[in-house]
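Engineer: I'm passing along run-v4.tsv; it holds TSV, C-alpha atoms and all ligand atoms.
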```tsv
chain	number	residue	atom	x	y	z
A	1	MET	CA	12.79	-15.24	10.71
A	2	LYS	CA	15.55	-13.06	9.29
A	3	VAL	CA	13.72	-10.68	6.95
A	4	LEU	CA	14.63	-7.93	4.51
A	5	VAL	CA	12.03	-5.17	4.09
A	6	THR	CA	12.35	-2.86	1.07
A	7	GLY	CA	10.50	0.42	1.59
A	8	GLY	CA	10.20	-0.27	5.32
A	9	ALA	CA	10.58	3.43	6.16
A	10	GLY	CA	7.38	4.25	4.26
A	11	TYR	CA	3.78	4.40	5.36
A	12	ILE	CA	2.68	0.76	5.05
A	13	GLY	CA	6.15	-0.77	5.40
A	14	SER	CA	6.74	0.96	8.74
A	15	HIS	CA	3.50	-0.47	10.19
A	16	VAL	CA	4.52	-3.94	9.03
A	17	VAL	CA	8.04	-3.50	10.47
A	18	ARG	CA	6.52	-2.59	13.84
A	19	GLN	CA	4.38	-5.74	13.84
A	20	LEU	CA	7.30	-7.87	12.59
A	21	GLY	CA	9.36	-6.58	15.53
A	22	GLU	CA	6.60	-7.43	17.98
A	23	ALA	CA	6.43	-10.95	16.46
A	24	GLY	CA	10.18	-11.38	17.13
A	25	HIS	CA	11.57	-11.25	13.58
A	26	ASP	CA	15.10	-10.02	12.83
A	27	ILE	CA	14.57	-7.03	10.49
A	28	THR	CA	16.74	-5.17	7.99
A	29	VAL	CA	15.06	-2.26	6.17
A	30	PHE	CA	16.42	-1.18	2.79
A	31	ASP	CA	15.12	2.24	1.78
A	32	ASN	CA	16.31	5.26	-0.19
A	33	LEU	CA	14.22	7.59	2.03
A	34	SER	CA	12.63	9.23	-1.03
A	35	THR	CA	9.24	9.19	0.71
A	36	GLY	CA	10.14	7.29	3.89
A	37	TYR	CA	11.57	8.44	7.23
A	38	PRO	CA	14.16	6.85	9.54
A	39	TRP	CA	12.02	7.71	12.62
A	40	ALA	CA	9.25	5.49	11.25
A	41	ILE	CA	11.38	2.36	11.65
A	42	LEU	CA	10.50	1.21	15.16
A	43	SER	CA	12.30	-2.15	14.94
A	44	GLY	CA	15.43	-3.52	13.28
A	45	LYS	CA	18.08	-1.61	11.37
A	46	LEU	CA	18.07	0.67	8.32
A	47	VAL	CA	20.39	0.27	5.35
A	48	GLU	CA	20.07	3.31	3.12
A	49	GLY	CA	20.18	2.48	-0.58
A	50	ASP	CA	18.31	2.37	-3.85
A	51	LEU	CA	16.80	-0.63	-5.62
A	52	GLY	CA	17.89	0.96	-8.88
A	53	ASP	CA	21.44	0.00	-7.90
A	54	PRO	CA	21.85	-3.81	-8.31
A	55	GLU	CA	25.32	-3.75	-6.73
A	56	ALA	CA	23.92	-2.12	-3.58
A	57	ILE	CA	21.31	-4.88	-3.32
A	58	ASP	CA	23.99	-7.51	-3.82
A	59	ARG	CA	26.16	-6.01	-1.05
A	60	LEU	CA	23.11	-5.84	1.20
A	61	MET	CA	22.36	-9.54	0.79
A	62	GLU	CA	25.93	-10.87	0.80
A	63	GLY	CA	26.40	-13.38	3.63
A	64	GLN	CA	23.12	-12.41	5.33
A	65	ASN	CA	21.04	-15.54	4.62
A	66	PHE	CA	17.74	-13.68	4.65
A	67	GLU	CA	14.83	-16.08	4.95
A	68	ALA	CA	12.26	-13.75	3.38
A	69	VAL	CA	11.93	-10.43	1.56
A	70	LEU	CA	8.94	-8.11	1.96
A	71	HIS	CA	8.94	-5.74	-1.00
A	72	PHE	CA	7.12	-2.42	-0.43
A	73	ALA	CA	9.42	0.05	-2.20
A	74	ALA	CA	7.64	1.71	-5.11
A	75	HIS	CA	6.15	4.91	-6.46
A	76	ILE	CA	2.46	4.94	-5.65
A	77	VAL	CA	0.56	7.92	-7.08
A	78	VAL	CA	-1.89	6.95	-9.83
A	79	PRO	CA	-2.25	10.38	-11.56
A	80	GLU	CA	1.53	10.91	-11.50
A	81	SER	CA	1.96	7.55	-13.24
A	82	VAL	CA	-0.29	8.77	-16.05
A	83	GLU	CA	1.89	11.88	-16.51
A	84	ASN	CA	5.26	10.18	-16.00
A	85	PRO	CA	4.89	6.46	-16.84
A	86	LEU	CA	8.59	5.66	-17.22
A	87	LYS	CA	9.22	6.79	-13.63
A	88	TYR	CA	6.80	4.03	-12.60
A	89	TYR	CA	8.12	1.34	-14.93
A	90	ARG	CA	11.65	2.09	-13.70
A	91	ASN	CA	11.02	2.09	-9.98
A	92	ASN	CA	8.21	-0.45	-9.79
A	93	THR	CA	8.93	-2.91	-12.60
A	94	ARG	CA	12.65	-2.68	-13.40
A	95	ASN	CA	13.63	-2.38	-9.74
A	96	THR	CA	11.50	-5.40	-8.83
A	97	LEU	CA	13.46	-7.26	-11.53
A	98	ASN	CA	16.70	-6.08	-9.88
A	99	LEU	CA	15.44	-7.41	-6.57
A	100	LEU	CA	14.41	-10.76	-8.08
A	101	GLY	CA	17.88	-11.11	-9.59
A	102	ALA	CA	19.42	-10.72	-6.13
A	103	ILE	CA	16.85	-13.08	-4.59
A	104	GLU	CA	17.90	-15.66	-7.20
A	105	LYS	CA	21.64	-15.16	-6.61
A	106	HIS	CA	21.36	-15.26	-2.82
A	107	LYS	CA	18.77	-18.08	-2.82
A	108	ILE	CA	16.21	-16.30	-0.64
A	109	PRO	CA	13.27	-18.70	-0.36
A	110	ARG	CA	10.26	-16.39	0.28
A	111	LEU	CA	8.80	-13.12	-0.96
A	112	VAL	CA	5.81	-11.01	0.06
A	113	PHE	CA	4.94	-8.46	-2.63
A	114	SER	CA	2.84	-5.30	-2.30
A	115	SER	CA	0.45	-5.26	-5.24
A	116	THR	CA	-2.70	-3.26	-5.72
A	117	ALA	CA	-6.35	-3.27	-6.72
A	118	ALA	CA	-5.20	-1.05	-9.60
A	119	VAL	CA	-4.25	-4.26	-11.48
A	120	TYR	CA	-7.99	-4.85	-12.07
A	121	GLY	CA	-8.59	-1.58	-13.91
A	122	MET	CA	-12.28	-0.82	-14.56
A	123	PRO	CA	-13.90	-4.07	-13.49
A	124	ASP	CA	-17.41	-4.97	-14.66
A	125	GLU	CA	-18.21	-6.40	-11.24
A	126	THR	CA	-18.16	-4.04	-8.25
A	127	VAL	CA	-16.91	-6.78	-5.93
A	128	ILE	CA	-13.65	-8.07	-7.34
A	129	SER	CA	-12.19	-11.54	-6.83
A	130	GLU	CA	-8.61	-12.54	-7.52
A	131	ALA	CA	-9.89	-14.31	-10.66
A	132	SER	CA	-11.40	-11.11	-12.09
A	133	PRO	CA	-9.83	-9.89	-15.35
A	134	LEU	CA	-6.52	-8.03	-14.99
A	135	GLN	CA	-6.79	-4.93	-17.14
A	136	PRO	CA	-5.01	-1.98	-15.50
A	137	ILE	CA	-6.01	1.41	-16.86
A	138	ASN	CA	-3.02	3.38	-15.64
A	139	PRO	CA	0.77	2.85	-15.70
A	140	TYR	CA	0.88	2.42	-11.92
A	141	GLY	CA	-1.40	-0.63	-12.13
A	142	ALA	CA	0.43	-1.94	-15.20
A	143	SER	CA	3.82	-1.56	-13.50
A	144	LYS	CA	2.58	-3.68	-10.59
A	145	LEU	CA	0.93	-6.30	-12.82
A	146	MET	CA	4.20	-6.75	-14.72
A	147	SER	CA	5.95	-7.29	-11.39
A	148	GLU	CA	3.36	-9.91	-10.41
A	149	GLN	CA	4.01	-11.71	-13.71
A	150	MET	CA	7.79	-11.70	-13.20
A	151	ILE	CA	7.39	-13.05	-9.67
A	152	GLN	CA	5.12	-15.87	-10.82
A	153	ASP	CA	7.32	-16.86	-13.76
A	154	PHE	CA	10.46	-16.79	-11.63
A	155	ALA	CA	8.75	-18.77	-8.86
A	156	ALA	CA	7.63	-21.43	-11.35
A	157	ALA	CA	11.22	-21.87	-12.48
A	158	SER	CA	12.98	-21.55	-9.13
A	159	GLY	CA	10.65	-22.76	-6.40
A	160	LEU	CA	10.44	-19.29	-4.79
A	161	ASN	CA	7.53	-19.25	-2.35
A	162	TYR	CA	5.57	-16.00	-2.74
A	163	THR	CA	2.52	-14.18	-1.45
A	164	ILE	CA	1.25	-11.36	-3.64
A	165	LEU	CA	-1.06	-9.11	-1.63
A	166	ARG	CA	-3.36	-6.87	-3.67
A	167	TYR	CA	-4.14	-3.96	-1.37
A	168	PHE	CA	-7.31	-1.99	-1.81
A	169	ASN	CA	-7.32	1.55	-0.33
A	170	VAL	CA	-5.06	1.66	2.68
A	171	ALA	CA	-5.70	4.27	5.38
A	172	GLY	CA	-5.47	4.92	9.11
A	173	ALA	CA	-2.48	4.82	11.43
A	174	ASP	CA	-0.94	3.08	14.42
A	175	LEU	CA	-3.55	3.24	17.20
A	176	GLU	CA	-0.94	4.57	19.63
A	177	GLY	CA	0.00	7.41	17.27
A	178	ARG	CA	3.69	6.47	16.94
A	179	ILE	CA	3.67	6.23	13.13
A	180	GLY	CA	1.31	7.13	10.28
A	181	GLN	CA	1.19	8.48	6.77
A	182	ALA	CA	3.63	11.39	6.51
A	183	THR	CA	3.87	11.68	2.72
A	184	PRO	CA	4.43	15.28	1.62
A	185	GLU	CA	1.83	16.51	-0.89
A	186	ALA	CA	-0.26	13.42	-0.28
A	187	THR	CA	-3.02	12.63	-2.76
A	188	HIS	CA	-4.91	9.90	-0.88
A	189	LEU	CA	-8.47	10.81	0.02
A	190	ILE	CA	-8.48	10.17	3.78
A	191	LYS	CA	-5.08	11.79	4.25
A	192	VAL	CA	-6.14	14.88	2.25
A	193	ALA	CA	-9.43	15.20	4.17
A	194	CYS	CA	-7.60	14.84	7.52
A	195	GLU	CA	-5.17	17.57	6.47
A	196	CYS	CA	-8.19	19.81	5.77
A	197	ALA	CA	-9.66	19.00	9.18
A	198	ASN	CA	-6.33	19.92	10.80
A	199	GLY	CA	-6.05	23.21	8.93
A	200	VAL	CA	-3.08	22.13	6.79
A	201	ARG	CA	-5.17	22.68	3.65
A	202	ASP	CA	-7.91	25.25	3.15
A	203	GLY	CA	-10.18	22.79	1.38
A	204	MET	CA	-10.33	19.86	-1.00
A	205	LYS	CA	-11.86	18.67	-4.25
A	206	ILE	CA	-14.12	15.72	-4.92
A	207	PHE	CA	-13.17	14.32	-8.33
A	208	GLY	CA	-16.28	13.27	-10.26
A	209	THR	CA	-19.92	13.25	-9.20
A	210	ASP	CA	-21.37	11.44	-12.23
A	211	TYR	CA	-20.22	7.88	-11.53
A	212	ASP	CA	-22.80	5.09	-11.49
A	213	THR	CA	-22.75	4.84	-7.68
A	214	ARG	CA	-25.25	5.65	-4.91
A	215	ASP	CA	-24.29	9.35	-4.72
A	216	GLY	CA	-22.33	9.73	-7.97
A	217	THR	CA	-18.86	9.73	-6.33
A	218	CYS	CA	-16.34	6.87	-6.52
A	219	VAL	CA	-16.62	3.87	-4.22
A	220	ARG	CA	-13.53	2.38	-2.58
A	221	ASP	CA	-12.82	-0.35	-0.02
A	222	TYR	CA	-10.74	1.30	2.75
A	223	ILE	CA	-8.59	-1.07	4.82
A	224	HIS	CA	-6.96	-0.08	8.11
A	225	VAL	CA	-3.17	-0.21	7.79
A	226	GLU	CA	-2.95	-2.30	11.00
A	227	ASP	CA	-5.22	-5.00	9.53
A	228	LEU	CA	-3.19	-4.93	6.33
A	229	ALA	CA	0.06	-5.21	8.29
A	230	LYS	CA	-1.33	-8.26	10.10
A	231	ALA	CA	-1.92	-9.96	6.73
A	232	HIS	CA	1.83	-9.72	6.01
A	233	ILE	CA	2.78	-11.35	9.31
A	234	MET	CA	0.26	-14.12	8.62
A	235	ALA	CA	1.51	-14.58	5.05
A	236	LEU	CA	5.06	-15.10	6.32
A	237	ALA	CA	3.89	-17.58	8.93
A	238	HIS	CA	1.82	-19.44	6.33
A	239	MET	CA	4.78	-19.79	3.97
A	240	ALA	CA	7.17	-20.77	6.78
A	241	ALA	CA	4.74	-23.53	7.78
A	242	GLY	CA	4.92	-24.99	4.26
A	243	GLY	CA	1.95	-23.17	2.76
A	244	GLY	CA	2.05	-22.60	-0.99
A	245	SER	CA	2.23	-19.42	-3.04
A	246	ASN	CA	-0.83	-17.21	-3.24
A	247	ILE	CA	-2.35	-14.05	-4.65
A	248	LEU	CA	-4.72	-12.47	-2.13
A	249	ASN	CA	-6.96	-9.42	-2.13
A	250	CYS	CA	-6.68	-7.26	1.00
A	251	GLY	CA	-9.88	-5.38	1.75
A	252	TYR	CA	-13.03	-5.62	3.83
A	253	GLY	CA	-15.59	-6.24	1.08
A	254	THR	CA	-17.39	-2.99	1.91
A	255	GLY	CA	-17.29	0.17	-0.17
A	256	PHE	CA	-17.75	3.82	0.81
A	257	THR	CA	-18.27	6.73	-1.54
A	258	VAL	CA	-15.95	9.74	-1.54
A	259	LYS	CA	-18.77	11.89	-0.14
A	260	GLU	CA	-19.40	9.40	2.68
A	261	VAL	CA	-15.72	9.42	3.62
A	262	VAL	CA	-15.55	13.22	3.62
A	263	ASP	CA	-18.69	13.37	5.79
A	264	VAL	CA	-17.16	11.00	8.37
A	265	VAL	CA	-13.99	13.12	8.53
A	266	LYS	CA	-16.08	16.25	9.03
A	267	LYS	CA	-18.25	14.59	11.68
A	268	LEU	CA	-15.38	13.14	13.74
A	269	SER	CA	-13.23	16.27	13.50
A	270	GLY	CA	-16.08	18.73	13.97
A	271	VAL	CA	-14.56	20.85	11.16
A	272	ASP	CA	-16.73	21.78	8.18
A	273	PHE	CA	-13.93	22.44	5.65
A	274	PRO	CA	-14.77	23.61	2.11
A	275	VAL	CA	-15.27	20.91	-0.54
A	276	GLU	CA	-15.41	21.69	-4.26
A	277	LEU	CA	-17.11	19.28	-6.66
A	278	VAL	CA	-15.03	19.03	-9.84
A	279	ASP	CA	-14.60	16.81	-12.93
A	280	ARG	CA	-13.38	13.23	-12.82
A	281	ARG	CA	-9.67	12.61	-12.21
A	282	PRO	CA	-8.02	10.69	-15.10
A	283	GLY	CA	-7.49	6.99	-14.41
A	284	ASP	CA	-10.11	6.61	-11.67
A	285	PRO	CA	-12.39	3.54	-11.83
A	286	GLY	CA	-15.93	4.11	-10.45
A	287	ALA	CA	-15.99	1.35	-7.85
A	288	LEU	CA	-13.40	-1.03	-6.37
A	289	VAL	CA	-14.44	-3.40	-3.59
A	290	ALA	CA	-12.53	-6.55	-2.59
A	291	ALA	CA	-13.89	-10.05	-2.39
A	292	ASN	CA	-11.88	-11.24	0.60
A	293	ASP	CA	-12.94	-14.88	1.00
A	294	ARG	CA	-9.59	-16.13	-0.24
A	295	ILE	CA	-7.38	-14.33	2.30
A	296	LYS	CA	-9.75	-15.42	5.07
A	297	ALA	CA	-9.66	-19.06	3.92
A	298	VAL	CA	-5.92	-19.29	3.16
A	299	LEU	CA	-4.42	-17.23	6.01
A	300	GLY	CA	-7.28	-17.27	8.51
A	301	TRP	CA	-7.10	-13.45	8.39
A	302	GLU	CA	-9.96	-11.48	9.96
A	303	PRO	CA	-10.04	-7.70	10.33
A	304	ASP	CA	-9.87	-6.07	13.77
A	305	HIS	CA	-10.54	-2.44	12.76
A	306	ALA	CA	-13.11	-2.65	9.96
A	307	GLU	CA	-15.20	0.39	10.88
A	308	LEU	CA	-14.64	3.45	8.69
A	309	GLU	CA	-14.89	5.58	11.83
A	310	THR	CA	-11.99	3.67	13.44
A	311	ILE	CA	-9.86	4.23	10.36
A	312	VAL	CA	-10.68	7.94	10.17
A	313	ARG	CA	-10.25	8.48	13.94
A	314	SER	CA	-6.74	7.00	13.86
A	315	ALA	CA	-5.87	9.04	10.74
A	316	LEU	CA	-7.12	12.27	12.35
A	317	ASN	CA	-5.21	11.52	15.54
A	318	TRP	CA	-2.02	10.83	13.61
A	319	GLU	CA	-2.42	13.99	11.50
A	320	LYS	CA	-2.58	16.11	14.65
A	321	ILE	CA	0.54	14.40	16.09
A	322	TRP	CA	2.42	14.70	12.79
A	323	GLN	CA	1.64	18.39	12.31
A	324	GLY	CA	2.69	19.03	15.93
A	325	ARG	CA	5.98	17.20	15.37
A	326	LYS	CA	6.74	19.17	12.22
A	327	SER	CA	6.15	22.59	13.78
A	401	LIG	N1	-0.98	3.42	0.04
A	401	LIG	C1	-1.88	2.67	-0.62
A	401	LIG	O1	-3.11	2.93	-0.56
A	401	LIG	C2	-1.43	1.49	-1.44
A	401	LIG	C3	-2.40	0.74	-2.09
A	401	LIG	C4	-2.00	-0.37	-2.83
A	401	LIG	C5	-0.68	-0.74	-2.89
A	401	LIG	N2	0.26	0.00	-2.25
A	401	LIG	C6	1.66	-0.43	-2.33
A	401	LIG	O2	2.21	-0.51	-1.03
A	401	LIG	C7	3.62	-0.23	-1.08
A	401	LIG	C8	3.96	0.80	-0.01
A	401	LIG	O3	3.21	1.98	-0.24
A	401	LIG	P1	3.18	3.19	0.82
A	401	LIG	O4	1.83	3.77	0.76
A	401	LIG	O5	3.74	2.74	2.10
A	401	LIG	O6	4.18	4.22	0.09
A	401	LIG	P2	5.39	5.07	0.70
A	401	LIG	O7	5.79	6.02	-0.40
A	401	LIG	O8	5.05	5.64	2.02
A	401	LIG	O9	6.52	3.97	0.91
A	401	LIG	C9	7.40	3.55	-0.10
A	401	LIG	C10	8.79	3.41	0.52
A	401	LIG	O10	9.68	2.90	-0.46
A	401	LIG	C11	10.86	3.70	-0.49
A	401	LIG	N3	11.39	3.61	-1.85
A	401	LIG	C12	10.77	4.01	-3.00
A	401	LIG	N4	11.55	3.74	-4.05
A	401	LIG	C13	12.68	3.14	-3.58
A	401	LIG	C14	13.84	2.63	-4.19
A	401	LIG	N5	14.05	2.71	-5.52
A	401	LIG	N6	14.80	2.07	-3.41
A	401	LIG	C15	14.63	2.00	-2.05
A	401	LIG	N7	13.54	2.48	-1.43
A	401	LIG	C16	12.57	3.05	-2.17
A	401	LIG	C17	10.41	5.08	-0.06
A	401	LIG	O11	11.43	5.89	0.46
A	401	LIG	C18	9.37	4.73	1.00
A	401	LIG	O12	9.95	4.57	2.27
A	401	LIG	C19	3.90	0.22	-2.51
A	401	LIG	O13	4.47	-0.87	-3.20
A	401	LIG	C20	2.54	0.55	-3.07
A	401	LIG	O14	2.47	0.36	-4.46
A	401	LIG	C21	-0.08	1.12	-1.52
A	402	LIG	O1	-8.44	14.92	-2.95
A	402	LIG	C1	-9.02	13.90	-3.34
A	402	LIG	C2	-8.37	12.63	-3.33
A	402	LIG	C3	-9.08	11.54	-3.81
A	402	LIG	N1	-10.35	11.68	-4.27
A	402	LIG	C4	-11.08	10.48	-4.75
A	402	LIG	O2	-11.07	9.52	-3.74
A	402	LIG	C5	-11.00	8.21	-4.29
A	402	LIG	C6	-9.79	7.49	-3.73
A	402	LIG	O3	-8.62	8.12	-4.24
A	402	LIG	P1	-7.16	7.87	-3.64
A	402	LIG	O4	-6.23	8.76	-4.37
A	402	LIG	O5	-7.21	7.94	-2.16
A	402	LIG	O6	-6.87	6.36	-3.98
A	402	LIG	P2	-6.98	5.56	-5.37
A	402	LIG	O7	-8.24	4.75	-5.31
A	402	LIG	O8	-6.79	6.44	-6.55
A	402	LIG	O9	-5.70	4.64	-5.31
A	402	LIG	C7	-5.29	3.98	-4.13
A	402	LIG	O10	-5.81	2.70	-4.08
A	402	LIG	C8	-5.56	1.93	-5.20
A	402	LIG	C9	-6.19	0.60	-4.98
A	402	LIG	O11	-7.58	0.70	-4.90
A	402	LIG	C10	-4.06	1.86	-5.49
A	402	LIG	O12	-3.46	0.81	-4.86
A	402	LIG	C11	-3.27	3.10	-5.22
A	402	LIG	O13	-1.93	2.81	-4.88
A	402	LIG	C12	-3.78	3.90	-4.11
A	402	LIG	O14	-3.22	5.20	-4.24
A	402	LIG	C13	-10.90	8.42	-5.81
A	402	LIG	O15	-12.18	8.29	-6.33
A	402	LIG	C14	-10.44	9.86	-5.97
A	402	LIG	O16	-10.88	10.47	-7.15
A	402	LIG	C15	-10.99	12.91	-4.26
A	402	LIG	O17	-12.14	13.03	-4.70
A	402	LIG	N2	-10.30	13.99	-3.80
```
Write out the structure in this file as structure tokens.
Structural biologist:
Amino acid sequence: MKVLVTGGAGYIGSHVVRQLGEAGHDITVFDNLSTGYPWAILSGKLVEGDLGDPEAIDRLMEGQNFEAVLHFAAHIVVPESVENPLKYYRNNTRNTLNLLGAIEKHKIPRLVFSSTAAVYGMPDETVISEASPLQPINPYGASKLMSEQMIQDFAAASGLNYTILRYFNVAGADLEGRIGQATPEATHLIKVACECANGVRDGMKIFGTDYDTRDGTCVRDYIHVEDLAKAHIMALAHMAAGGGSNILNCGYGTGFTVKEVVDVVKKLSGVDFPVELVDRRPGDPGALVAANDRIKAVLGWEPDHAELETIVRSALNWEKIWQGRKS
């Protein structure tokens, strides 16, 4: 298929681009390189540009006859969205609207959209299904939920075939160490802990020890980026084979506490870095774990790398490679 990938130079997009290339798709990446890197694009070509510029998107699509768009480009840091909400509504919501306008004009038939467990907010149930209430508690989650709504409304009117994938906590890296998360000043737990283990940071904080969980720290469902990438390839294949539009959780259905994750990083790295226990971080729900029956039933997706140790090992390996490359 001829596919356009927004944000394909970023962490998750680059892993999907690599798998798309291996599956034989013809790939164009559109990215402003704000947090992405040209070296991360292992297949296809890069067009540098910004989704905030509708004319640039129009030029990009003119005469190309793309058969699908995979839309990763976004801002992604929950606490930053609390401090600077308009930055998130502009890049995540308005720019998705820009993209949908171009999809309409150029009659692109399929879309895969990167959504998030943050659309669920503070769920009453620990294990969350796609039918759980949608009550985001931070602007990041709200900006993504608004995008989901626009996609569904536009699809109902136009016949656009879409797959909305709600990612839980994505972590890990390419098992061969070619690409991985390279975000400067990263805030994600596994990335931060791996930076500590590699001596990039002197230590880290655990935010909140009074949650109603087995050790008082937050529970999250960590999904290996390679398993997540596979879900995108399968979603495209499903739509191309005439499958309908879907909203699908992406997670393993198993939660780990922050302390458990930090312990695994310490154990596998052999580095006992300092950890400070501090107050809760604003906007953090206590527990988020995916019910994943729907993605298994609809796409036939099954994880290949569901052990936390596999995720952490690949993240540690990548961190070492990345720090070596930078120095
Ligand atoms: N990382 C996670 O745990 C996680 C969880 C849930 C959902 N998501 C979603 O997955 C997607 C990818 O996240 P990621 O972790 O790979 O982040 P990332 O920051 O590594 O990648 C985002 C990419 O989009 C590009 N980009 C951003 N704004 C752009 C714009 N206006 N125009 C063109 N390019 C732009 C960046 O340069 C970057 O290459 C995002 O939509 C995010 O909301 C991520
Ligand atoms: O240095 C750190 C970093 C994180 N945490 C804790 O670790 C857990 C996970 O935090 P992350 O920042 O790694 O991830 P979030 O759960 O906040 O959010 C991530 O997963 C969400 C879905 O669950 C969204 O999609 C979002 O884009 C993505 O950043 C949270 O309890 C957080 O408080 C720490 O204690 N110390």
Engineer: Tell me which of A:Arg59, A:His224, A:Arg201, A:Lys105 sits closest to ligand LIG 401 (chain A), counting all atoms listed in the file.
Structural biologist: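 Among the listed residues, the smallest separation from ligand LIG 401 (chain A) belongs to A:His224.
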Engineer: I'd like the contact shell of Ser132 (chain A) - 12 Å cut-off, all atoms listed in the file, skipping same-chain residues fewer than 2 positions apart - returned as JSON, numbers by chain.
Structural biologist: {"A": [117, 119, 120, 121, 122, 123, 124, 125, 126, 127, 128, 129, 130, 134, 135, 136, 249, 288, 289, 290, 291]}
Engineer: Using all atoms listed in the file, collect all residues at a distance of at most 8 Å from (17.3, -5.6, -6.8) as written in the file, then present them as a list in words.
Structural biologist: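 Collected hits near the coordinates: Leu51, Gly52, Asp53, Pro54, Ile57, Asp58, Asn95, Thr96, Leu97, Asn98, Leu99, Leu100, Gly101, Ala102 and Ile103 of chain A.
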Engineer: Produce a file of the selected residues containing C-alpha atoms, as a PDB file, in the coordinates of the input.
Structural biologist:
```
ATOM      1  CA  LEU A  51      16.800  -0.630  -5.620  1.00  0.00           C
ATOM      2  CA  GLY A  52      17.890   0.960  -8.880  1.00  0.00           C
ATOM      3  CA  ASP A  53      21.440   0.000  -7.900  1.00  0.00           C
ATOM      4  CA  PRO A  54      21.850  -3.810  -8.310  1.00  0.00           C
ATOM      5  CA  ILE A  57      21.310  -4.880  -3.320  1.00  0.00           C
ATOM      6  CA  ASP A  58      23.990  -7.510  -3.820  1.00  0.00           C
ATOM      7  CA  ASN A  95      13.630  -2.380  -9.740  1.00  0.00           C
ATOM      8  CA  THR A  96      11.500  -5.400  -8.830  1.00  0.00           C
ATOM      9  CA  LEU A  97      13.460  -7.260 -11.530  1.00  0.00           C
ATOM     10  CA  ASN A  98      16.700  -6.080  -9.880  1.00  0.00           C
ATOM     11  CA  LEU A  99      15.440  -7.410  -6.570  1.00  0.00           C
ATOM     12  CA  LEU A 100      14.410 -10.760  -8.080  1.00  0.00           C
ATOM     13  CA  GLY A 101      17.880 -11.110  -9.590  1.00  0.00           C
ATOM     14  CA  ALA A 102      19.420 -10.720  -6.130  1.00  0.00           C
ATOM     15  CA  ILE A 103      16.850 -13.080  -4.590  1.00  0.00           C
TER      16      ILE A 103
END
```
Engineer: Residues within 7 Å of ligand LIG 402 (chain A) should be enumerated using all atoms listed in the file and returned as number ranges by chain.
Structural biologist: A: 76-78, 116-118, 167-170, 187-190, 192, 204-208, 217-220, 258, 280-281, 284, 286, 288
Engineer: For ligand LIG 401 (chain A), which of A:Cys196, A:Ile137, A:Val112, A:Ala171 is the closest residue, counting all atoms listed in the file?
Structural biologist: A:Ala171
Engineer: Determine, counting all atoms listed in the file, which protein, DNA and RNA residues have an atom within 9 Å of an atom of Ala9 (chain A); residues of the same chain fewer than 2 positions away are not included. Present the result as a list in words.
Structural biologist: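 Within the cut-off, the hits are Val5, Thr6, Gly7, Tyr11, Ile12, Gly13, Ser14, Val17, Val29, Phe30, Asp31, Asn32, Leu33, Thr35, Gly36, Tyr37, Pro38, Trp39, Ala40, Ile41 and Leu46 of chain A.
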Engineer: Atom C8 of ligand LIG 401 (chain A) and CA of Ser115 (chain A) are how many Å apart?
Structural biologist: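 Taking atom C8 of ligand LIG 401 (chain A) and CA of Ser115 (chain A), their separation equals 8.7 Å.
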Engineer: Rounded to one decimal, what separation in Å do you get between atom C14 of ligand LIG 401 (chain A) and CA of Tyr89 (chain A)?
Structural biologist: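 So the answer is 12.2 Å.
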Engineer: So which one's closest to Pro139 (chain A), A:Gly63, A:Pro85, A:Gly203, A:Pro79? Using all atoms listed in the file, please.
Structural biologist: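 Under the stated criterion, the closest residue is A:Pro85.
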Engineer: Could you state the separation of CA of Glu148 (chain A) and CA of Arg94 (chain A) in Å, given to one decimal place?
Structural biologist: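 So the answer is 12.1 Å.
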Engineer: Restricting the calculation to all atoms listed in the file: of A:Gly244, A:Gly253, A:Gly44, A:Pro303, which residue gets closest to Leu111 (chain A)?
Structural biologist: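 Of all the options, A:Gly244 lies closest to Leu111 (chain A).
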Engineer: With all atoms listed in the file counted, which protein, DNA or RNA residues have an atom no more than 12 Å from (-1.1, -9.0, 5.8) in the file frame? Please answer as a PyMOL selection string.
Structural biologist: chain A and resi 12-13+15-17+19-20+70+112-115+163-167+170+223-238+247-251+295-296+298-303
Engineer: Could you write out as lines of an AutoDock Vina configuration file the box around ligand LIG 401 (chain A) (axis-aligned, all atoms listed in the file, 3 Å on each side), with centre and edge lengths in Å to one decimal?
Structural biologist:
```
center_x = 5.8
center_y = 2.6
center_z = -1.6
size_x = 23.9
size_y = 12.9
size_z = 13.8
```
Engineer: For ligand LIG 401 (chain A), which of A:Asp279, A:Asp272, A:Glu185, A:Glu176 is the closest residue, counting only C-alpha atoms and all ligand atoms?
Structural biologist: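 Looking at the shortest contact to ligand LIG 401 (chain A), the residue is A:Glu185.
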Engineer: Pick the closest to Asn161 (chain A) from A:Glu80, A:Asp215, A:Asp263, A:Glu67: which is it, counting only C-alpha atoms?
Structural biologist: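 Smallest separation from Asn161 (chain A) among the options: A:Glu67.
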